[in-house]
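Colleague: Supplied structure: start31.cif, mmCIF, N, CA and C atoms and all ligand atoms.
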```cif
data_data
loop_
_atom_site.label_atom_id
_atom_site.label_comp_id
_atom_site.auth_asym_id
_atom_site.auth_seq_id
_atom_site.Cartn_x
_atom_site.Cartn_y
_atom_site.Cartn_z
N MET A 169 81.09 103.10 96.79
CA MET A 169 82.04 103.69 95.83
C MET A 169 83.45 103.18 96.11
N ALA A 170 84.09 102.74 95.06
CA ALA A 170 85.45 102.23 95.24
C ALA A 170 86.41 103.39 95.49
N VAL A 171 87.34 103.18 96.42
CA VAL A 171 88.28 104.26 96.72
C VAL A 171 89.42 104.32 95.70
N ILE A 172 89.71 103.18 95.09
CA ILE A 172 90.71 103.19 94.01
C ILE A 172 90.01 102.65 92.77
N LYS A 173 89.96 103.47 91.77
CA LYS A 173 89.33 103.01 90.55
C LYS A 173 90.40 102.35 89.68
N TRP A 174 90.21 101.07 89.45
CA TRP A 174 91.20 100.35 88.65
C TRP A 174 91.11 100.79 87.20
N ARG A 175 92.24 101.09 86.62
CA ARG A 175 92.27 101.45 85.20
C ARG A 175 92.97 100.35 84.44
N ASP A 176 92.56 100.17 83.20
CA ASP A 176 93.19 99.14 82.37
C ASP A 176 94.70 99.36 82.25
N SER A 177 95.09 100.62 82.32
CA SER A 177 96.52 100.93 82.17
C SER A 177 97.34 100.41 83.36
N TYR A 178 96.69 100.00 84.44
CA TYR A 178 97.43 99.46 85.59
C TYR A 178 97.82 98.00 85.37
N ASN A 179 97.18 97.36 84.43
CA ASN A 179 97.48 95.94 84.22
C ASN A 179 98.90 95.72 83.73
N THR A 180 99.57 94.74 84.32
CA THR A 180 100.94 94.43 83.91
C THR A 180 100.94 93.42 82.76
N GLY A 181 99.84 92.70 82.62
CA GLY A 181 99.79 91.65 81.61
C GLY A 181 100.20 90.29 82.17
N VAL A 182 100.72 90.28 83.40
CA VAL A 182 101.03 89.01 84.07
C VAL A 182 99.82 88.70 84.94
N GLU A 183 99.08 87.70 84.53
CA GLU A 183 97.75 87.47 85.11
C GLU A 183 97.76 87.31 86.63
N GLN A 184 98.68 86.49 87.11
CA GLN A 184 98.73 86.24 88.56
C GLN A 184 98.90 87.56 89.33
N PHE A 185 99.77 88.42 88.84
CA PHE A 185 100.05 89.65 89.59
C PHE A 185 98.96 90.69 89.41
N ASP A 186 98.32 90.67 88.27
CA ASP A 186 97.18 91.58 88.12
C ASP A 186 96.07 91.19 89.10
N THR A 187 95.86 89.88 89.23
CA THR A 187 94.87 89.39 90.19
C THR A 187 95.25 89.80 91.61
N GLU A 188 96.54 89.65 91.93
CA GLU A 188 97.00 90.01 93.27
C GLU A 188 96.92 91.52 93.52
N HIS A 189 97.21 92.29 92.50
CA HIS A 189 97.09 93.76 92.66
C HIS A 189 95.63 94.15 92.93
N HIS A 190 94.72 93.45 92.28
CA HIS A 190 93.30 93.72 92.56
C HIS A 190 92.96 93.40 94.01
N LYS A 191 93.52 92.28 94.48
CA LYS A 191 93.27 91.87 95.87
C LYS A 191 93.82 92.93 96.84
N ILE A 192 94.99 93.48 96.52
CA ILE A 192 95.58 94.52 97.37
C ILE A 192 94.67 95.76 97.39
N VAL A 193 94.13 96.09 96.24
CA VAL A 193 93.20 97.22 96.16
C VAL A 193 91.98 96.93 97.05
N ASP A 194 91.48 95.69 97.01
CA ASP A 194 90.34 95.31 97.86
C ASP A 194 90.70 95.46 99.35
N LEU A 195 91.92 95.04 99.70
CA LEU A 195 92.33 95.13 101.10
C LEU A 195 92.47 96.58 101.56
N ILE A 196 92.92 97.45 100.65
CA ILE A 196 93.00 98.88 100.97
C ILE A 196 91.59 99.44 101.19
N GLU A 197 90.69 98.95 100.39
CA GLU A 197 89.27 99.37 100.51
C GLU A 197 88.72 98.96 101.89
N VAL A 198 89.03 97.73 102.31
CA VAL A 198 88.58 97.26 103.62
C VAL A 198 89.15 98.16 104.72
N LEU A 199 90.43 98.52 104.57
CA LEU A 199 91.06 99.40 105.55
C LEU A 199 90.37 100.77 105.57
N PHE A 200 90.10 101.27 104.40
CA PHE A 200 89.43 102.57 104.31
C PHE A 200 88.09 102.55 105.04
N LEU A 201 87.32 101.48 104.81
CA LEU A 201 86.00 101.38 105.44
C LEU A 201 86.12 101.28 106.96
N ALA A 202 87.12 100.51 107.41
CA ALA A 202 87.32 100.35 108.85
C ALA A 202 87.67 101.69 109.48
N VAL A 203 88.50 102.47 108.78
CA VAL A 203 88.86 103.80 109.28
C VAL A 203 87.62 104.68 109.31
N ARG A 204 86.87 104.62 108.25
CA ARG A 204 85.68 105.47 108.17
C ARG A 204 84.67 105.12 109.26
N ASN A 205 84.58 103.82 109.57
CA ASN A 205 83.65 103.38 110.61
C ASN A 205 84.24 103.50 112.02
N ARG A 206 85.46 103.96 112.08
CA ARG A 206 86.17 104.13 113.36
C ARG A 206 86.15 102.86 114.19
N ASN A 207 86.41 101.77 113.52
CA ASN A 207 86.40 100.47 114.19
C ASN A 207 87.85 100.01 114.41
N ASP A 208 88.35 100.24 115.62
CA ASP A 208 89.76 99.99 115.91
C ASP A 208 90.21 98.57 115.62
N SER A 209 89.42 97.58 116.05
CA SER A 209 89.88 96.21 115.85
C SER A 209 89.89 95.86 114.37
N GLU A 210 88.92 96.41 113.62
CA GLU A 210 88.90 96.16 112.17
C GLU A 210 90.07 96.85 111.48
N VAL A 211 90.42 98.04 111.96
CA VAL A 211 91.56 98.76 111.37
C VAL A 211 92.83 97.94 111.58
N GLU A 212 93.00 97.45 112.80
CA GLU A 212 94.20 96.67 113.09
C GLU A 212 94.25 95.41 112.23
N LYS A 213 93.11 94.74 112.14
CA LYS A 213 93.03 93.52 111.33
C LYS A 213 93.34 93.82 109.86
N ALA A 214 92.78 94.92 109.37
CA ALA A 214 92.95 95.26 107.95
C ALA A 214 94.41 95.61 107.64
N ILE A 215 95.07 96.33 108.55
CA ILE A 215 96.48 96.66 108.32
C ILE A 215 97.33 95.40 108.32
N ASN A 216 97.08 94.53 109.29
CA ASN A 216 97.87 93.30 109.37
C ASN A 216 97.67 92.44 108.13
N GLU A 217 96.43 92.36 107.69
CA GLU A 217 96.14 91.53 106.52
C GLU A 217 96.81 92.11 105.27
N LEU A 218 96.73 93.41 105.15
CA LEU A 218 97.33 94.09 103.99
C LEU A 218 98.84 93.87 103.96
N ILE A 219 99.47 94.03 105.11
CA ILE A 219 100.93 93.86 105.17
C ILE A 219 101.30 92.40 104.87
N GLY A 220 100.59 91.48 105.48
CA GLY A 220 100.88 90.06 105.26
C GLY A 220 100.72 89.67 103.80
N TYR A 221 99.65 90.12 103.21
CA TYR A 221 99.39 89.77 101.81
C TYR A 221 100.42 90.40 100.89
N THR A 222 100.73 91.67 101.15
CA THR A 222 101.69 92.39 100.30
C THR A 222 103.07 91.75 100.36
N GLU A 223 103.46 91.29 101.54
CA GLU A 223 104.77 90.62 101.66
C GLU A 223 104.83 89.38 100.78
N LYS A 224 103.76 88.59 100.81
CA LYS A 224 103.73 87.37 99.98
C LYS A 224 103.75 87.74 98.50
N HIS A 225 103.01 88.77 98.18
CA HIS A 225 102.94 89.23 96.78
C HIS A 225 104.31 89.68 96.29
N PHE A 226 105.01 90.45 97.10
CA PHE A 226 106.34 90.92 96.70
C PHE A 226 107.29 89.74 96.49
N ALA A 227 107.22 88.78 97.40
CA ALA A 227 108.10 87.62 97.29
C ALA A 227 107.82 86.87 95.99
N ALA A 228 106.55 86.74 95.63
CA ALA A 228 106.19 86.03 94.40
C ALA A 228 106.67 86.81 93.17
N GLU A 229 106.53 88.11 93.21
CA GLU A 229 107.01 88.94 92.08
C GLU A 229 108.52 88.81 91.92
N GLU A 230 109.20 88.86 93.05
CA GLU A 230 110.67 88.79 93.01
C GLU A 230 111.15 87.46 92.45
N LEU A 231 110.46 86.39 92.85
CA LEU A 231 110.83 85.06 92.36
C LEU A 231 110.62 84.98 90.84
N MET A 232 109.50 85.50 90.38
CA MET A 232 109.22 85.49 88.94
C MET A 232 110.28 86.29 88.19
N MET A 233 110.61 87.48 88.70
CA MET A 233 111.60 88.33 88.02
C MET A 233 112.96 87.65 87.99
N GLU A 234 113.28 87.00 89.11
CA GLU A 234 114.57 86.32 89.19
C GLU A 234 114.64 85.18 88.18
N ASN A 235 113.60 84.37 88.16
CA ASN A 235 113.56 83.24 87.23
C ASN A 235 113.60 83.69 85.77
N ALA A 236 113.04 84.85 85.52
CA ALA A 236 112.97 85.34 84.14
C ALA A 236 114.23 86.11 83.75
N GLY A 237 115.12 86.35 84.72
CA GLY A 237 116.33 87.10 84.44
C GLY A 237 116.06 88.58 84.17
N PHE A 238 115.07 89.11 84.87
CA PHE A 238 114.70 90.53 84.71
C PHE A 238 115.87 91.41 85.16
N PRO A 239 116.36 92.29 84.27
CA PRO A 239 117.58 93.03 84.59
C PRO A 239 117.45 94.06 85.72
N GLU A 240 116.24 94.53 86.00
CA GLU A 240 116.10 95.56 87.04
C GLU A 240 115.61 94.99 88.37
N LEU A 241 115.91 93.71 88.59
CA LEU A 241 115.44 93.03 89.80
C LEU A 241 115.90 93.73 91.08
N GLU A 242 117.18 94.08 91.16
CA GLU A 242 117.70 94.66 92.40
C GLU A 242 117.01 95.97 92.75
N GLN A 243 116.85 96.78 91.73
CA GLN A 243 116.19 98.07 91.92
C GLN A 243 114.73 97.87 92.38
N HIS A 244 114.08 96.90 91.79
CA HIS A 244 112.69 96.61 92.12
C HIS A 244 112.58 96.10 93.56
N LYS A 245 113.53 95.24 93.93
CA LYS A 245 113.53 94.71 95.29
C LYS A 245 113.67 95.84 96.31
N LYS A 246 114.51 96.82 95.97
CA LYS A 246 114.71 97.95 96.89
C LYS A 246 113.41 98.70 97.11
N GLU A 247 112.63 98.85 96.07
CA GLU A 247 111.33 99.51 96.20
C GLU A 247 110.42 98.72 97.14
N HIS A 248 110.46 97.39 97.01
CA HIS A 248 109.65 96.54 97.88
C HIS A 248 110.08 96.69 99.34
N VAL A 249 111.39 96.71 99.54
CA VAL A 249 111.91 96.84 100.91
C VAL A 249 111.45 98.18 101.50
N ARG A 250 111.52 99.21 100.68
CA ARG A 250 111.14 100.55 101.15
C ARG A 250 109.66 100.58 101.56
N LEU A 251 108.80 100.01 100.74
CA LEU A 251 107.38 100.00 101.09
C LEU A 251 107.15 99.18 102.35
N ALA A 252 107.78 98.00 102.41
CA ALA A 252 107.57 97.12 103.56
C ALA A 252 108.00 97.83 104.84
N ARG A 253 109.10 98.57 104.76
CA ARG A 253 109.59 99.27 105.95
C ARG A 253 108.60 100.37 106.37
N GLN A 254 108.15 101.13 105.41
CA GLN A 254 107.20 102.20 105.73
C GLN A 254 105.90 101.63 106.31
N ALA A 255 105.45 100.51 105.73
CA ALA A 255 104.22 99.90 106.20
C ALA A 255 104.39 99.39 107.64
N LYS A 256 105.56 98.80 107.91
CA LYS A 256 105.84 98.31 109.27
C LYS A 256 105.88 99.46 110.27
N ASP A 257 106.46 100.59 109.84
CA ASP A 257 106.50 101.76 110.72
C ASP A 257 105.09 102.16 111.13
N PHE A 258 104.20 102.16 110.17
CA PHE A 258 102.81 102.50 110.46
C PHE A 258 102.19 101.47 111.39
N GLN A 259 102.53 100.21 111.14
CA GLN A 259 101.97 99.14 111.96
C GLN A 259 102.41 99.33 113.42
N GLU A 260 103.66 99.74 113.60
CA GLU A 260 104.16 99.95 114.97
C GLU A 260 103.47 101.11 115.65
N ILE A 261 103.26 102.18 114.88
CA ILE A 261 102.53 103.31 115.45
C ILE A 261 101.15 102.83 115.88
N GLN A 262 100.58 101.98 115.02
CA GLN A 262 99.23 101.50 115.27
C GLN A 262 99.14 100.72 116.58
N HIS A 263 100.22 99.96 116.88
CA HIS A 263 100.22 99.21 118.14
C HIS A 263 100.18 100.18 119.32
N GLY A 264 100.77 101.33 119.10
CA GLY A 264 100.72 102.34 120.16
C GLY A 264 99.55 103.28 119.93
N GLU A 265 98.48 102.77 119.41
CA GLU A 265 97.26 103.53 119.11
C GLU A 265 97.48 104.63 118.09
N MET A 266 97.31 104.23 116.88
CA MET A 266 97.44 105.16 115.76
C MET A 266 96.20 106.07 115.74
N SER A 267 96.44 107.33 115.54
CA SER A 267 95.29 108.23 115.46
C SER A 267 94.62 108.02 114.10
N TYR A 268 93.40 108.45 113.99
CA TYR A 268 92.72 108.27 112.71
C TYR A 268 93.39 109.08 111.62
N ALA A 269 93.97 110.20 112.00
CA ALA A 269 94.69 111.00 111.00
C ALA A 269 95.88 110.19 110.48
N GLN A 270 96.53 109.46 111.38
CA GLN A 270 97.69 108.65 110.96
C GLN A 270 97.26 107.47 110.09
N VAL A 271 96.13 106.85 110.46
CA VAL A 271 95.66 105.73 109.64
C VAL A 271 95.28 106.24 108.25
N ARG A 272 94.65 107.40 108.22
CA ARG A 272 94.29 107.98 106.92
C ARG A 272 95.53 108.27 106.09
N GLU A 273 96.55 108.76 106.78
CA GLU A 273 97.81 109.06 106.09
C GLU A 273 98.40 107.75 105.52
N PHE A 274 98.31 106.71 106.33
CA PHE A 274 98.79 105.39 105.92
C PHE A 274 98.03 104.92 104.68
N TYR A 275 96.75 105.07 104.73
CA TYR A 275 95.92 104.64 103.62
C TYR A 275 96.25 105.43 102.34
N HIS A 276 96.44 106.73 102.47
CA HIS A 276 96.80 107.55 101.29
C HIS A 276 98.17 107.14 100.75
N PHE A 277 99.07 106.87 101.69
CA PHE A 277 100.42 106.43 101.30
C PHE A 277 100.32 105.12 100.51
N LEU A 278 99.53 104.18 101.01
CA LEU A 278 99.40 102.90 100.32
C LEU A 278 98.78 103.05 98.95
N ARG A 279 97.78 103.87 98.90
CA ARG A 279 97.09 104.04 97.62
C ARG A 279 98.04 104.62 96.58
N GLU A 280 98.76 105.66 96.96
CA GLU A 280 99.68 106.30 96.02
C GLU A 280 100.82 105.38 95.68
N TRP A 281 101.33 104.74 96.72
CA TRP A 281 102.47 103.87 96.51
C TRP A 281 102.09 102.71 95.60
N LEU A 282 100.93 102.14 95.86
CA LEU A 282 100.50 101.00 95.05
C LEU A 282 100.38 101.40 93.59
N VAL A 283 99.67 102.48 93.35
CA VAL A 283 99.44 102.89 91.97
C VAL A 283 100.76 103.32 91.32
N ASP A 284 101.57 104.11 92.03
CA ASP A 284 102.85 104.54 91.47
C ASP A 284 103.76 103.35 91.21
N HIS A 285 103.73 102.41 92.16
CA HIS A 285 104.62 101.25 92.00
C HIS A 285 104.18 100.38 90.82
N ILE A 286 102.90 100.16 90.71
CA ILE A 286 102.42 99.32 89.61
C ILE A 286 102.73 99.99 88.28
N VAL A 287 102.42 101.28 88.20
CA VAL A 287 102.61 101.97 86.93
C VAL A 287 104.09 102.19 86.64
N GLY A 288 104.84 102.57 87.70
CA GLY A 288 106.24 102.92 87.49
C GLY A 288 107.18 101.74 87.44
N CYS A 289 106.88 100.69 88.19
CA CYS A 289 107.82 99.56 88.31
C CYS A 289 107.27 98.25 87.78
N ASP A 290 106.09 97.87 88.24
CA ASP A 290 105.59 96.54 87.89
C ASP A 290 105.32 96.41 86.39
N LYS A 291 104.94 97.51 85.78
CA LYS A 291 104.67 97.42 84.34
C LYS A 291 105.94 97.11 83.55
N LYS A 292 107.09 97.45 84.14
CA LYS A 292 108.35 97.16 83.44
C LYS A 292 108.57 95.66 83.31
N TYR A 293 108.28 94.92 84.41
CA TYR A 293 108.45 93.46 84.27
C TYR A 293 107.39 92.91 83.33
N GLY A 294 106.22 93.56 83.32
CA GLY A 294 105.16 93.14 82.39
C GLY A 294 105.63 93.25 80.95
N GLU A 295 106.27 94.37 80.64
CA GLU A 295 106.78 94.56 79.28
C GLU A 295 107.89 93.56 78.98
N PHE A 296 108.74 93.36 79.97
CA PHE A 296 109.85 92.43 79.79
C PHE A 296 109.33 91.02 79.51
N MET A 297 108.34 90.60 80.29
CA MET A 297 107.78 89.25 80.11
C MET A 297 107.09 89.14 78.75
N ALA A 298 106.42 90.20 78.35
CA ALA A 298 105.69 90.15 77.08
C ALA A 298 106.65 90.07 75.90
N ASP A 299 107.85 90.68 76.06
CA ASP A 299 108.83 90.70 74.96
C ASP A 299 109.67 89.44 74.88
N ARG A 300 109.59 88.63 75.93
CA ARG A 300 110.41 87.41 75.94
C ARG A 300 109.93 86.43 74.89
N PRO A 301 110.84 85.78 74.20
CA PRO A 301 110.37 84.75 73.26
C PRO A 301 109.72 83.62 74.05
N SER A 302 108.65 83.07 73.57
CA SER A 302 107.98 82.01 74.33
C SER A 302 108.81 80.74 74.30
N GLU A 303 108.78 80.03 75.46
CA GLU A 303 109.63 78.83 75.56
C GLU A 303 108.94 77.62 74.96
FE FE B 401 106.46 95.15 92.56
#
```
If you convert what's in this file into structure tokens, what do you get?

Modeller:
Amino acid sequence: MAVIKWRDSYNTGVEQFDTEHHKIVDLIEVLFLAVRNRNDSEVEKAINELIGYTEKHFAAEELMMENAGFPELEQHKKEHVRLARQAKDFQEIQHGEMSYAQVREFYHFLREWLVDHIVGCDKKYGEFMADRPSE
């Protein structure tokens, strides 16, 4: 059973980022399974992979928004910084042996943040891109 059920309403309409959002959901799923299986090395690997992938994804989104002249770029970047900081905090706790309750909290945070961010923020650039006259 998937832990995050993807809904059509989550799609931004920007194909590359929709694909990447799906990949992030998959990585969260891997983390969830590792936590459920109580596999410490898998949990560590899954968190690192998720953070690494998300950082690249944010950078790609920011570049696209910048190139497109998206007016809410700065605000969007701040959201990315906030998530990255929170994720790093969890990663540091994890180095000092994160309890399973903490990893679960991290996973819930990611799930909510991802969905809220996509629906609340990423869809705005999707609308902006869709409204742009084609070049
Ligand atoms: Fe974003």

Colleague: Once you count only C-alpha atoms and all ligand atoms, what closest atom pair and distance in Å to one decimal does each residue of chain A within 8 Å of ligand FE 401 (chain B) have, with rows by chain and rising residue number, as CSV?

Modeller:
```
residue,atom,partner,partner_atom,distance
A:Phe226,CA,B:FE401,FE,5.9
A:Glu229,CA,B:FE401,FE,6.3
A:Glu230,CA,B:FE401,FE,7.6
A:His244,CA,B:FE401,FE,6.4
A:Lys245,CA,B:FE401,FE,7.6
A:Glu247,CA,B:FE401,FE,7.5
A:His248,CA,B:FE401,FE,6.4
A:His285,CA,B:FE401,FE,6.4
A:Ile286,CA,B:FE401,FE,6.5
A:Cys289,CA,B:FE401,FE,6.3
A:Asp290,CA,B:FE401,FE,4.9
```

Colleague: So which residues of chain A fall under helix (DSSP H, G or I) by DSSP, listed as a PyMOL selection string?

Modeller: chain A and resi 176-178+183-204+208-236+241-263+268-299

Colleague: Can you work out the spacing between CA of Trp174 in chain A and CA of Val249 in chain A in Å, to one decimal?

Modeller: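 Interatomic distance, CA of Trp174 in chain A to CA of Val249 in chain A: 24.3 Å.
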
Colleague: Do you know which residues are at most 10 Å from Met232 in chain A counting only C-alpha atoms, after dropping those on the same chain fewer than 6 positions away, and could you put them as a ChimeraX atom specification?

Modeller: /A:226,238,241,293,297

Colleague: Specify the axis-aligned box that encloses all atoms of range 208-218 of chain A listed in the file after padding of 5 Å on each side, stating its centre and edge lengths in Å to one decimal as lines of an AutoDock Vina configuration file.

Modeller:
```
center_x = 93.6
center_y = 95.9
center_z = 110.0
size_x = 20.5
size_y = 18.7
size_z = 22.1
```

Colleague: For range 179-190 of chain A, please output as a list in words all residues within 7 Å (counting only N, CA and C atoms; exclusion window: fewer than 5 positions along the same chain).

Modeller: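 Neighbouring residues, sequence-local ones excluded: Leu195, His225, Asp290, Lys291, Lys292, Tyr293, Gly294 and Glu295 of chain A.
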
Colleague: Store the residues picked out above in a file with N, CA and C atoms, as a PDB file, keeping the file's coordinate frame.

Modeller:
```pdb
ATOM      1  N   LEU A 195      91.920  95.040  99.700  1.00  0.00           N
ATOM      2  CA  LEU A 195      92.330  95.130 101.100  1.00  0.00           C
ATOM      3  C   LEU A 195      92.470  96.580 101.560  1.00  0.00           C
ATOM      4  N   HIS A 225     103.010  88.770  98.180  1.00  0.00           N
ATOM      5  CA  HIS A 225     102.940  89.230  96.780  1.00  0.00           C
ATOM      6  C   HIS A 225     104.310  89.680  96.290  1.00  0.00           C
ATOM      7  N   ASP A 290     106.090  97.870  88.240  1.00  0.00           N
ATOM      8  CA  ASP A 290     105.590  96.540  87.890  1.00  0.00           C
ATOM      9  C   ASP A 290     105.320  96.410  86.390  1.00  0.00           C
ATOM     10  N   LYS A 291     104.940  97.510  85.780  1.00  0.00           N
ATOM     11  CA  LYS A 291     104.670  97.420  84.340  1.00  0.00           C
ATOM     12  C   LYS A 291     105.940  97.110  83.550  1.00  0.00           C
ATOM     13  N   LYS A 292     107.090  97.450  84.140  1.00  0.00           N
ATOM     14  CA  LYS A 292     108.350  97.160  83.440  1.00  0.00           C
ATOM     15  C   LYS A 292     108.570  95.660  83.310  1.00  0.00           C
ATOM     16  N   TYR A 293     108.280  94.920  84.410  1.00  0.00           N
ATOM     17  CA  TYR A 293     108.450  93.460  84.270  1.00  0.00           C
ATOM     18  C   TYR A 293     107.390  92.910  83.330  1.00  0.00           C
ATOM     19  N   GLY A 294     106.220  93.560  83.320  1.00  0.00           N
ATOM     20  CA  GLY A 294     105.160  93.140  82.390  1.00  0.00           C
ATOM     21  C   GLY A 294     105.630  93.250  80.950  1.00  0.00           C
ATOM     22  N   GLU A 295     106.270  94.370  80.640  1.00  0.00           N
ATOM     23  CA  GLU A 295     106.780  94.560  79.280  1.00  0.00           C
ATOM     24  C   GLU A 295     107.890  93.560  78.980  1.00  0.00           C
TER      25      GLU A 295
END
```

Colleague: Looking at A:Arg175, A:Arg250, A:Arg279, A:Phe258, which one is nearest to Asn216 in chain A, with distances taken over only C-alpha atoms?

Modeller: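 Using only C-alpha atoms, Asn216 in chain A sits closest to A:Phe258.
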
Colleague: At what distance in Å, to one decimal, does CA of Val211 in chain A lie from atom C of Lys246 in chain A?

Modeller: 26.1 Å

Colleague: So the first atom is CA of Pro239 in chain A and the second is CA of Phe296 in chain A; what is the distance between them in Å, to one decimal place?

Modeller: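 Going from CA of Pro239 in chain A over to CA of Phe296 in chain A, I get 9.1 Å.
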
Colleague: Pick the closest to Ile192 in chain A from A:Asp299, A:Tyr221, A:Arg204, A:Glu234: which is it, counting all atoms listed in the file?

Modeller: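 Using all atoms listed in the file, the shortest distance to Ile192 in chain A belongs to A:Tyr221.
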
Colleague: Restricting the calculation to all atoms listed in the file: of A:Tyr268, A:Asp176, A:Phe277, A:Gln243, which residue gets closest to Arg206 in chain A?

Modeller: A:Tyr268

Colleague: Of the residues A:Ile172, A:Leu199, A:Ile219, A:Ala214, which is the one nearest to Lys256 in chain A, using all atoms listed in the file?

Modeller: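 Ranked by minimum distance to Lys256 in chain A, first place goes to A:Ile219.
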